[in-house]
>>> print(open('structure_1.txt').read())   # compact mmCIF, C-alpha atoms
# COMPACT_ATOMS: atom_id res chain seq x y z
CA MET Z 1 8.50 3.21 -24.30
CA TYR Z 2 7.41 -0.42 -24.33
CA MET Z 3 5.34 -1.36 -27.40
CA ILE Z 4 2.65 -4.06 -27.12
CA ASN Z 5 1.97 -6.22 -30.17
CA LEU Z 6 -1.82 -6.02 -30.60
CA PHE Z 7 -1.88 -8.91 -33.08
CA GLN Z 8 0.29 -11.48 -31.34
CA SER Z 9 0.26 -11.64 -27.55
CA ASN Z 10 3.28 -12.99 -25.68
CA PRO Z 11 4.27 -13.36 -22.00
CA ASP Z 12 6.49 -10.26 -22.14
CA ASP Z 13 3.48 -8.13 -23.09
CA PHE Z 14 1.46 -9.39 -20.14
CA GLN Z 15 4.43 -9.07 -17.83
CA TYR Z 16 4.51 -5.39 -18.74
CA ILE Z 17 0.80 -5.12 -17.91
CA LEU Z 18 1.39 -6.89 -14.61
CA ASP Z 19 4.20 -4.52 -13.73
CA THR Z 20 2.08 -1.53 -14.67
CA ILE Z 21 -1.39 -2.23 -13.26
CA GLY Z 22 -1.04 -5.60 -11.54
CA GLN Z 23 -1.59 -6.12 -7.82
CA ASN Z 24 -0.52 -8.73 -5.29
CA VAL Z 25 -3.22 -10.99 -3.91
CA GLN Z 26 -3.17 -14.20 -1.88
CA ILE Z 27 -4.08 -17.34 -3.81
CA ASN Z 28 -4.34 -20.31 -1.47
CA ASN Z 29 -2.30 -18.25 1.01
CA GLN Z 30 0.50 -17.63 -1.51
CA SER Z 31 1.31 -14.14 -2.81
CA VAL Z 32 0.67 -13.87 -6.56
CA LYS Z 33 0.66 -10.85 -8.86
CA VAL Z 34 -2.50 -10.64 -10.93
CA VAL Z 35 -4.71 -8.37 -12.99
CA ILE Z 36 -8.35 -8.31 -11.90
CA SER Z 37 -11.04 -6.77 -14.05
CA ASN Z 38 -14.82 -6.62 -14.27
CA THR Z 39 -16.71 -8.95 -16.56
CA THR Z 40 -20.04 -9.01 -18.31
CA LEU Z 41 -20.37 -12.78 -17.87
CA SER Z 42 -23.60 -12.24 -15.95
CA THR Z 43 -25.53 -9.22 -14.78
CA ASP Z 44 -26.96 -11.24 -11.90
CA VAL Z 45 -23.66 -11.69 -10.03
CA ASP Z 46 -20.56 -9.58 -9.54
CA ASP Z 47 -18.00 -11.95 -11.02
CA LYS Z 48 -14.44 -10.83 -11.77
CA LYS Z 49 -11.86 -11.90 -14.33
CA ILE Z 50 -8.45 -12.83 -12.97
CA SER Z 51 -5.33 -13.02 -15.18
CA THR Z 52 -1.82 -14.03 -14.15
CA LEU Z 53 1.39 -15.68 -15.32
CA THR Z 54 1.18 -18.06 -12.33
CA PRO Z 55 -0.74 -21.32 -12.86
CA ILE Z 56 -4.21 -21.23 -11.28
CA GLU Z 57 -6.99 -23.79 -11.03
CA ARG Z 58 -10.70 -23.91 -10.52
CA GLY Z 59 -11.41 -24.00 -6.81
CA ASP Z 60 -8.48 -21.75 -5.84
CA ILE Z 61 -9.26 -19.27 -3.06
CA VAL Z 62 -8.25 -15.69 -3.93
CA HIS Z 63 -8.07 -13.15 -1.12
CA TYR Z 64 -8.84 -9.86 -2.84
CA ASN Z 65 -10.16 -6.54 -1.57
CA ASN Z 66 -10.42 -7.94 1.99
CA GLU Z 67 -12.72 -10.75 0.83
CA ASP Z 68 -12.33 -14.37 -0.21
CA TRP Z 69 -13.18 -15.19 -3.83
CA LEU Z 70 -13.52 -18.61 -5.39
CA ILE Z 71 -12.32 -19.38 -8.92
CA ILE Z 72 -15.44 -20.91 -10.43
CA SER Z 73 -14.51 -21.38 -14.09
CA GLU Z 74 -12.37 -24.10 -15.58
CA VAL Z 75 -8.80 -23.00 -16.40
CA ASN Z 76 -7.73 -24.56 -19.68
CA GLY Z 77 -4.04 -24.01 -19.25
CA GLN Z 78 -1.94 -21.06 -20.35
CA ARG Z 79 -3.40 -18.93 -23.15
CA ASN Z 80 -1.50 -16.20 -24.92
CA GLY Z 81 1.14 -16.26 -22.25
CA ARG Z 82 -1.19 -16.05 -19.26
CA TYR Z 83 -3.75 -17.93 -17.19
CA ARG Z 84 -7.29 -16.55 -17.07
CA ALA Z 85 -10.39 -17.48 -15.11
CA PHE Z 86 -13.52 -16.10 -13.50
CA MET Z 87 -13.95 -15.76 -9.79
CA ARG Z 88 -16.93 -15.06 -7.50
CA VAL Z 89 -16.98 -13.59 -3.99
CA CYS Z 90 -17.59 -15.98 -1.12
CA ASP Z 91 -20.52 -14.19 0.45
CA TYR Z 92 -21.13 -16.48 3.41
CA PRO Z 93 -18.53 -18.44 5.39
CA ILE Z 94 -20.14 -21.56 6.83
CA LYS Z 95 -19.17 -23.53 9.94
CA ILE Z 96 -19.25 -27.32 9.75
CA ASN Z 97 -19.07 -29.24 13.01
CA PHE Z 98 -16.92 -32.37 12.79
CA GLY Z 99 -16.58 -32.43 16.56
CA ILE Z 100 -14.03 -29.72 15.83
CA VAL Z 101 -15.71 -26.74 14.17
CA LYS Z 102 -14.15 -25.69 10.86
CA GLU Z 103 -15.10 -22.58 8.91
CA PHE Z 104 -15.00 -22.49 5.12
CA PRO Z 105 -15.37 -19.61 2.61
CA ALA Z 106 -18.50 -20.39 0.61
CA ILE Z 107 -20.80 -19.12 -2.09
CA VAL Z 108 -24.39 -19.50 -0.94
CA ASP Z 109 -26.97 -19.24 -3.70
CA GLY Z 110 -30.72 -19.62 -3.92
CA ARG Z 111 -30.49 -20.02 -7.70
CA VAL Z 112 -28.88 -22.38 -10.19
CA PHE Z 113 -27.79 -21.70 -13.76
CA ASP Z 114 -29.87 -23.53 -16.39
CA VAL Z 115 -27.58 -24.46 -19.27
CA GLU Z 116 -30.47 -24.98 -21.71
CA THR Z 117 -32.10 -21.58 -21.18
CA GLY Z 118 -28.92 -19.72 -20.25
CA GLN Z 119 -30.72 -18.23 -17.29
CA TYR Z 120 -30.69 -18.60 -13.53
CA MET Z 121 -33.52 -20.59 -11.98
CA THR Z 122 -34.67 -19.76 -8.46
CA LEU Z 123 -34.64 -22.66 -6.00
CA PRO Z 124 -37.50 -23.24 -3.58
CA ALA Z 125 -37.30 -21.03 -0.49
CA SER Z 126 -36.32 -24.00 1.63
CA LYS Z 127 -33.31 -24.96 -0.48
CA ILE Z 128 -29.87 -23.46 -1.20
CA LEU Z 129 -26.76 -24.42 -3.14
CA VAL Z 130 -23.43 -24.00 -1.31
CA THR Z 131 -20.21 -23.99 -3.35
CA LEU Z 132 -16.86 -24.60 -1.61
CA GLN Z 133 -13.26 -25.21 -2.52
CA GLU Z 134 -12.66 -28.94 -2.83
CA ASN Z 135 -9.85 -29.81 -0.42
CA GLN Z 136 -8.91 -32.40 2.18
CA GLU Z 137 -11.09 -30.80 4.85
CA THR Z 138 -14.21 -30.12 2.79
CA LEU Z 139 -14.12 -33.67 1.44
CA GLU Z 140 -14.93 -34.79 5.00
CA ILE Z 141 -18.40 -33.21 4.69
CA GLU Z 142 -21.12 -35.85 4.44
CA ALA Z 143 -24.78 -35.84 3.56
CA GLY Z 144 -26.84 -35.26 6.67
CA GLN Z 145 -24.45 -32.79 8.26
CA ARG Z 146 -25.99 -29.56 9.45
CA PHE Z 147 -24.94 -25.91 9.62
CA ILE Z 148 -26.50 -22.56 10.55
CA LYS Z 149 -26.52 -19.57 8.23
CA MET Z 150 -28.75 -16.55 7.64
CA GLY Z 151 -30.68 -17.30 10.83
CA ARG Z 152 -31.70 -20.75 9.64
CA ALA Z 153 -30.55 -24.31 10.15
CA TRP Z 154 -29.63 -26.28 7.01
CA LYS Z 155 -28.95 -29.94 6.29
CA VAL Z 156 -26.81 -31.29 3.45
CA GLU Z 157 -29.04 -33.39 1.19
CA ALA Z 158 -26.61 -34.26 -1.60
CA ILE Z 159 -23.02 -33.55 -2.59
CA ASP Z 160 -21.90 -32.79 -6.16
CA ARG Z 161 -18.24 -33.59 -6.84
CA THR Z 162 -18.46 -33.45 -10.65
CA HIS Z 163 -16.82 -30.02 -10.95
CA LYS Z 164 -13.12 -30.54 -10.38
CA GLY Z 165 -11.82 -28.20 -7.72
CA LEU Z 166 -15.28 -27.38 -6.41
CA LEU Z 167 -17.58 -29.07 -3.92
CA ARG Z 168 -21.28 -28.23 -4.28
CA LEU Z 169 -23.68 -28.96 -1.44
CA TRP Z 170 -27.40 -29.20 -2.10
CA CYS Z 171 -29.03 -28.22 1.16
CA LYS Z 172 -32.53 -27.94 2.57
CA GLN Z 173 -33.81 -26.00 5.52
CA ASP Z 174 -33.82 -27.92 8.79
CA GLN Z 175 -35.33 -27.39 12.23
CA PHE Z 176 -33.28 -25.90 15.05
CA ASN Z 177 -32.45 -28.27 17.87
CA SER Z 178 -32.26 -26.14 21.01
CA ALA Z 179 -30.62 -28.99 22.93
CA VAL Z 180 -27.50 -29.02 20.79
CA ASP Z 181 -27.48 -25.98 18.45
CA ASP Z 182 -25.52 -22.79 19.25
CA VAL Z 183 -27.59 -20.37 17.19
CA GLU Z 184 -25.77 -17.25 18.37
CA ASN Z 185 -22.39 -18.49 17.11
CA GLU Z 186 -23.89 -20.33 14.10
CA ILE Z 187 -22.65 -23.75 15.19
CA ALA Z 188 -25.00 -26.65 14.56
CA ASP Z 189 -24.76 -29.62 16.94
CA ALA Z 190 -22.41 -27.58 19.16
CA ARG Z 191 -23.35 -29.50 22.29
CA LYS Z 192 -23.48 -32.85 20.55
CA TYR Z 193 -19.71 -33.23 20.75
CA VAL Z 194 -18.33 -32.79 24.28
CA TYR Z 195 -14.55 -32.91 24.50
CA VAL Z 196 -12.74 -33.01 27.84
CA VAL Z 197 -9.02 -32.49 28.36
CA ASP Z 198 -7.60 -33.85 31.61
CA ILE Z 199 -4.07 -33.42 33.03
CA THR Z 200 -3.67 -36.58 35.10
CA ASN Z 201 -0.49 -35.71 37.02
CA THR Z 202 -0.91 -35.60 40.81
CA GLU Z 203 2.33 -33.76 41.57
CA THR Z 204 1.96 -30.20 42.78
CA THR Z 205 5.58 -29.33 43.52
CA ILE Z 206 8.72 -29.45 41.42
CA GLN Z 207 12.24 -28.53 42.46
CA GLN Z 208 14.06 -25.76 40.65
CA GLU Z 209 16.04 -27.01 37.61
CA ASN Z 210 14.06 -30.26 37.54
CA THR Z 211 11.54 -31.37 34.89
CA LEU Z 212 8.06 -32.87 34.96
CA GLN Z 213 6.36 -34.63 32.04
CA LEU Z 214 2.65 -33.82 31.90
CA ASN Z 215 0.28 -36.65 31.08
CA VAL Z 216 -2.86 -35.56 29.23
CA SER Z 217 -5.94 -37.55 28.26
CA VAL Z 218 -8.74 -36.50 25.88
CA THR Z 219 -12.29 -37.85 25.86
CA LEU Z 220 -15.19 -37.26 23.45
CA ASN Z 221 -18.60 -37.79 25.00
CA GLY Z 222 -16.89 -39.79 27.73
CA GLN Z 223 -14.93 -42.06 25.39
CA SER Z 224 -11.14 -41.87 25.19
CA VAL Z 225 -9.79 -40.55 21.89
CA SER Z 226 -6.22 -40.44 20.59
CA GLY Z 227 -4.33 -38.39 18.05
CA MET Z 228 -5.74 -35.03 19.17
CA ALA Z 229 -3.16 -32.22 18.93
CA ILE Z 230 -2.54 -30.52 22.29
CA THR Z 231 -0.96 -27.11 22.89
CA PHE Z 232 0.75 -26.24 26.16
CA SER Z 233 1.36 -22.84 27.74
CA SER Z 234 2.81 -21.41 30.96
CA SER Z 235 1.36 -18.50 32.91
CA ASP Z 236 4.88 -17.34 33.80
CA THR Z 237 7.90 -18.57 31.85
CA ASN Z 238 10.20 -16.95 34.42
CA ILE Z 239 9.00 -19.60 36.87
CA ALA Z 240 8.52 -22.60 34.56
CA THR Z 241 8.49 -23.31 30.84
CA VAL Z 242 6.66 -26.06 28.96
CA ASP Z 243 7.53 -27.43 25.53
CA THR Z 244 5.28 -28.78 22.79
CA SER Z 245 5.35 -32.29 24.29
CA GLY Z 246 4.22 -31.11 27.73
CA LEU Z 247 7.64 -31.29 29.42
CA VAL Z 248 7.75 -28.71 32.21
CA THR Z 249 11.11 -27.24 33.24
CA ALA Z 250 11.31 -25.46 36.61
CA VAL Z 251 13.24 -22.19 36.27
CA ASN Z 252 12.78 -20.11 39.42
CA PRO Z 253 10.92 -20.48 42.73
CA GLY Z 254 7.24 -19.50 42.66
CA THR Z 255 3.78 -20.66 41.62
CA VAL Z 256 2.84 -21.20 37.98
CA THR Z 257 -0.18 -22.48 36.05
CA ILE Z 258 0.37 -24.80 33.08
CA THR Z 259 -2.48 -25.11 30.55
CA ALA Z 260 -3.13 -27.95 28.11
CA ALA Z 261 -5.71 -27.22 25.40
CA LEU Z 262 -6.98 -28.81 22.20
CA ALA Z 263 -5.12 -27.22 19.29
CA GLU Z 264 -8.29 -26.90 17.20
CA LYS Z 265 -10.64 -26.10 20.09
CA SER Z 266 -8.70 -23.93 22.51
CA ASP Z 267 -11.65 -23.43 24.88
CA VAL Z 268 -11.39 -27.13 25.78
CA LYS Z 269 -8.56 -27.18 28.28
CA ASP Z 270 -7.28 -28.19 31.69
CA THR Z 271 -4.77 -26.57 34.02
CA ILE Z 272 -2.36 -27.65 36.73
CA THR Z 273 -0.85 -25.34 39.34
CA LEU Z 274 2.73 -26.13 40.28
CA THR Z 275 4.91 -24.75 43.03
CA VAL Z 276 8.57 -24.49 42.08
CA GLU Z 277 10.78 -24.95 45.14
CA ALA Z 278 14.26 -23.47 45.40
CA VAL Z 279 17.19 -25.84 45.07
CA GLN Z 280 18.17 -26.78 48.63
CA GLN Z 281 21.85 -26.18 49.37
CA ASP Z 282 23.76 -29.06 50.95
CA ASN Z 283 24.31 -28.68 54.69
CA TYR Z 284 26.20 -31.70 55.93
CA VAL Z 285 26.75 -32.24 59.66
CA LEU Z 286 28.90 -34.96 61.22
CA THR Z 287 28.04 -35.95 64.79
CA ILE Z 288 29.58 -38.46 67.24
CA VAL Z 289 26.83 -40.24 69.16
CA GLY Z 290 27.48 -42.07 72.46
CA ASP Z 291 27.98 -41.78 76.21
CA PRO Z 292 29.84 -38.81 77.68
CA ASP Z 293 31.94 -41.03 79.97
CA MET Z 294 33.43 -44.49 80.63
CA ARG Z 295 35.14 -46.19 83.57
CA VAL Z 296 38.70 -47.38 83.86
CA THR Z 297 39.25 -50.68 81.99
CA GLN Z 298 35.79 -50.42 80.40
CA THR Z 299 35.21 -50.92 76.64
CA LYS Z 300 32.64 -48.79 74.80
CA THR Z 301 31.62 -47.97 71.23
CA TRP Z 302 30.68 -44.59 69.73
CA ASN Z 303 28.95 -44.06 66.38
CA ALA Z 304 29.22 -41.38 63.70
CA VAL Z 305 26.06 -40.00 62.05
CA LEU Z 306 26.15 -37.92 58.84
CA THR Z 307 23.13 -35.72 58.03
CA ASN Z 308 22.26 -33.33 55.19
CA ASN Z 309 19.71 -30.64 56.02
CA GLY Z 310 18.66 -32.68 59.03
CA GLN Z 311 18.15 -35.92 57.11
CA GLN Z 312 20.47 -38.84 57.80
CA VAL Z 313 22.50 -39.92 54.78
CA SER Z 314 24.98 -42.67 54.09
CA MET Z 315 28.19 -42.37 56.08
CA GLN Z 316 31.26 -41.49 54.03
CA PRO Z 317 34.77 -42.99 54.49
CA ALA Z 318 36.16 -41.69 57.79
CA THR Z 319 39.06 -42.07 60.21
CA TRP Z 320 38.89 -42.00 64.04
CA SER Z 321 41.54 -40.63 66.38
CA ILE Z 322 42.03 -39.69 70.08
CA THR Z 323 43.88 -36.78 71.73
CA ASN Z 324 44.06 -35.08 75.09
CA THR Z 325 41.99 -31.96 75.61
CA THR Z 326 44.69 -29.73 74.10
CA GLY Z 327 45.30 -31.87 71.04
CA GLY Z 328 48.28 -33.83 72.28
CA THR Z 329 48.58 -37.56 72.88
CA THR Z 330 46.58 -39.31 75.57
CA ASP Z 331 47.21 -42.48 77.57
CA LEU Z 332 43.69 -42.68 78.98
CA VAL Z 333 42.22 -44.91 76.23
CA THR Z 334 43.16 -47.04 73.27
CA ILE Z 335 41.27 -47.55 69.98
CA THR Z 336 40.60 -51.26 69.69
CA ASN Z 337 38.44 -51.20 66.54
CA GLN Z 338 37.12 -48.66 64.01
CA SER Z 339 35.06 -48.44 60.85
CA ASN Z 340 33.53 -45.56 58.90
CA LYS Z 341 30.52 -45.61 61.20
CA SER Z 342 31.88 -46.53 64.61
CA CYS Z 343 34.89 -46.58 66.93
CA THR Z 344 35.46 -48.88 69.94
CA LEU Z 345 37.64 -47.66 72.83
CA LYS Z 346 39.10 -49.43 75.87
CA ALA Z 347 40.08 -47.41 78.94
CA ASN Z 348 43.62 -48.28 79.91
CA SER Z 349 44.33 -50.23 83.13
CA ASN Z 350 46.68 -47.56 84.48
CA ASN Z 351 43.91 -46.27 86.72
CA LYS Z 352 44.30 -42.78 85.26
CA THR Z 353 41.21 -40.63 85.00
CA GLY Z 354 40.39 -37.43 83.14
CA TYR Z 355 39.09 -36.07 79.87
CA PHE Z 356 40.11 -36.92 76.29
CA LYS Z 357 38.77 -36.11 72.85
CA LEU Z 358 37.36 -38.63 70.38
CA ILE Z 359 37.65 -37.30 66.80
CA CYS Z 360 36.01 -38.50 63.59
CA THR Z 361 37.24 -36.98 60.31
CA LEU Z 362 35.87 -37.67 56.83
CA ASN Z 363 38.70 -38.86 54.61
CA ASP Z 364 38.07 -36.07 52.09
CA GLY Z 365 38.77 -33.58 54.89
CA SER Z 366 35.39 -31.83 54.50
CA LEU Z 367 34.04 -32.50 58.01
CA THR Z 368 35.39 -33.26 61.49
CA SER Z 369 33.48 -33.98 64.68
CA GLU Z 370 34.88 -34.05 68.22
CA LYS Z 371 33.42 -35.39 71.45
CA GLN Z 372 34.98 -34.83 74.89
CA ILE Z 373 34.68 -37.96 77.04
CA LEU Z 374 35.48 -38.49 80.76
CA VAL Z 375 37.31 -41.57 82.05
CA LYS Z 376 36.12 -42.18 85.60
CA SER Z 377 37.50 -44.38 88.35
CA LEU Z 378 35.90 -47.69 89.16
CA ILE Z 379 34.79 -46.38 92.53
>>> encode(input="structure_1.txt", output="structure tokens")
Amino acid sequence: MYMINLFQSNPDDFQYILDTIGQNVQINNQSVKVVISNTTLSTDVDDKKISTLTPIERGDIVHYNNEDWLIISEVNGQRNGRYRAFMRVCDYPIKINFGIVKEFPAIVDGRVFDVETGQYMTLPASKILVTLQENQETLEIEAGQRFIKMGRAWKVEAIDRTHKGLLRLWCKQDQFNSAVDDVENEIADARKYVYVVDITNTETTIQQENTLQLNVSVTLNGQSVSGMAITFSSSDTNIATVDTSGLVTAVNPGTVTITAALAEKSDVKDTITLTVEAVQQDNYVLTIVGDPDMRVTQTKTWNAVLTNNGQQVSMQPATWSITNTTGGTTDLVTITNQSNKSCTLKANSNNKTGYFKLICTLNDGSLTSEKQILVKSLI
């Protein structure tokens, strides 16, 4: 059995207590084992005492019993092997509109503690004191900013930063502004900041296995803004995927919708519908173009045309030849000149007539085209 020294506390003693009755809570989103107990600090509020071997500070947010609590007392370092402080439940989260709405756990109080009398003093009905964790986001709050809570609109009159780790807002009741306030969702000045996301690409088709970089602009009240984080998503990743930079990759044929949205305001978004077309297989055709006949002693030229899926493409290296109709030699014509694209023939002066074949063959052996031509008499 472990024996605790009642006269001299040490970390091992508290570690035993932690192991026995301690519980895991989240402090600033980090799991920490603590002991939480009731306190008689004040009968007016339900404060708790928190003890742990992990360093804690005033202003830390403790997620305990499905609620957020704020450490409100100063922590004077490690005492008797452990850190101890008092915490109070954040009874009202408040939403501050910076253009992007951010919600903060907060203690909202209609009273302040009078150090001289040791008692709480009630504030006028039109005023409240809001206590928040001091952090990078809450430090953006300025006097004059508004929020909605408890069915009322409030305006920040003054900001007290004298309590390290805490930010205290002195607020007075304000009038609702129906033109801009979203009372139902407790967002003041909701319609004062109008963001628009616009995908500026004009393309509507993309070939399978190809990519398309989306171009996105963001405006605030009609003015271009930069540095806003954008998230991208695809309605069907089997058809097309999109990465964090907005690069779309076509996967399979079909129609897909790509969405670009503000990371901190996902209801502000734009979409583009893309059709992914199947990769077209090559279908090359080689054709000899020219007259079907020529007369004895006449000179004529025939051309070769190479197409792919019906579209003419650059002619490849080719060789021309002539044969009789059965593939043997012919004395009806002679090749006088040839290039990749054309072949010039002269009908021999032997007065012979009949049919021969003109043949064009790509040098890589992939395609051959033949044309049967008639040599006619002069008469």
>>> residues_around(input="structure_1.txt", residues="region 68-77 of chain Z", least_positions_apart="3", cutoff="6 Å", atoms="only C-alpha atoms", output="list in words")
Glu57, Arg58, Gly59, Asp60, Ile61, Val62, His63, Ala85, Phe86, Met87, Arg88, Val89 and Cys90 of chain Z
>>> closest_residue(input="structure_1.txt", among="Z:Asp236, Z:Asp189, Z:Asp267, Z:Glu67", to="Phe98 (chain Z)", atoms="all atoms listed in the file")
Z:Asp189
>>> atom_distance(input="structure_1.txt", atom1="CA of Gly144 (chain Z)", atom2="CA of Thr219 (chain Z)")
24.2 Å
>>> closest_residue(input="structure_1.txt", among="Z:Lys300, Z:Lys33, Z:Arg82, Z:Lys371", to="Cys343 (chain Z)", atoms="all atoms listed in the file")
Z:Lys300
>>> closest_residue(input="structure_1.txt", among="Z:Val35, Z:Leu332, Z:Ala240, Z:Ala106", to="Ile17 (chain Z)", atoms="all atoms listed in the file")
Z:Val35
>>> atom_distance(input="structure_1.txt", atom1="CA of Tyr355 (chain Z)", atom2="CA of Thr336 (chain Z)")
18.3 Å
>>> decode(input="structure_1.txt", residues="region 166-189 of chain Z", atoms="N, CA and C atoms", output="compact mmCIF listing (two decimals), in the first residue's frame")
# COMPACT_ATOMS: atom_id res chain seq x y z
N LEU Z 166 -5.77 36.68 -19.98
CA LEU Z 166 -7.19 36.95 -20.11
C LEU Z 166 -7.41 38.25 -20.89
N LEU Z 167 -8.53 38.30 -21.60
CA LEU Z 167 -8.96 39.52 -22.27
C LEU Z 167 -10.35 39.83 -21.75
N ARG Z 168 -10.52 41.03 -21.20
CA ARG Z 168 -11.81 41.39 -20.59
C ARG Z 168 -12.42 42.54 -21.40
N LEU Z 169 -13.64 42.30 -21.85
CA LEU Z 169 -14.34 43.28 -22.68
C LEU Z 169 -15.46 43.93 -21.87
N TRP Z 170 -15.38 45.25 -21.74
CA TRP Z 170 -16.46 46.00 -21.11
C TRP Z 170 -17.43 46.39 -22.22
N CYS Z 171 -18.67 45.93 -22.08
CA CYS Z 171 -19.62 46.07 -23.17
C CYS Z 171 -20.90 46.76 -22.69
N LYS Z 172 -21.53 47.47 -23.62
CA LYS Z 172 -22.82 48.08 -23.32
C LYS Z 172 -23.84 47.63 -24.36
N GLN Z 173 -25.10 47.66 -23.94
CA GLN Z 173 -26.15 47.23 -24.85
C GLN Z 173 -26.24 48.19 -26.04
N ASP Z 174 -26.47 47.60 -27.22
CA ASP Z 174 -26.55 48.38 -28.45
C ASP Z 174 -27.90 48.11 -29.12
N GLN Z 175 -28.24 48.90 -30.12
CA GLN Z 175 -29.47 48.70 -30.87
C GLN Z 175 -29.24 47.69 -31.99
N PHE Z 176 -30.26 46.87 -32.26
CA PHE Z 176 -30.18 45.98 -33.41
C PHE Z 176 -30.23 46.81 -34.70
N ASN Z 177 -29.50 46.33 -35.69
CA ASN Z 177 -29.55 46.94 -37.02
C ASN Z 177 -30.10 45.88 -37.97
N SER Z 178 -31.40 46.00 -38.28
CA SER Z 178 -32.05 44.96 -39.08
C SER Z 178 -31.46 44.83 -40.48
N ALA Z 179 -30.76 45.86 -40.94
CA ALA Z 179 -30.19 45.81 -42.29
C ALA Z 179 -28.98 44.89 -42.37
N VAL Z 180 -28.29 44.71 -41.25
CA VAL Z 180 -27.05 43.94 -41.30
C VAL Z 180 -26.98 42.81 -40.28
N ASP Z 181 -27.79 42.87 -39.20
CA ASP Z 181 -27.69 41.88 -38.13
C ASP Z 181 -28.47 40.60 -38.45
N ASP Z 182 -27.84 39.45 -38.15
CA ASP Z 182 -28.51 38.15 -38.24
C ASP Z 182 -28.83 37.73 -36.81
N VAL Z 183 -30.01 38.14 -36.34
CA VAL Z 183 -30.37 37.91 -34.94
C VAL Z 183 -30.53 36.42 -34.66
N GLU Z 184 -31.14 35.70 -35.60
CA GLU Z 184 -31.42 34.28 -35.38
C GLU Z 184 -30.15 33.49 -35.11
N ASN Z 185 -29.08 33.78 -35.85
CA ASN Z 185 -27.82 33.06 -35.68
C ASN Z 185 -26.82 33.79 -34.81
N GLU Z 186 -27.26 34.90 -34.17
CA GLU Z 186 -26.44 35.68 -33.25
C GLU Z 186 -25.15 36.17 -33.91
N ILE Z 187 -25.29 36.73 -35.11
CA ILE Z 187 -24.14 37.29 -35.82
C ILE Z 187 -24.41 38.76 -36.10
N ALA Z 188 -23.70 39.63 -35.40
CA ALA Z 188 -23.83 41.06 -35.64
C ALA Z 188 -23.11 41.43 -36.94
N ASP Z 189 -23.67 42.40 -37.65
CA ASP Z 189 -23.07 42.89 -38.90
C ASP Z 189 -22.89 41.78 -39.93
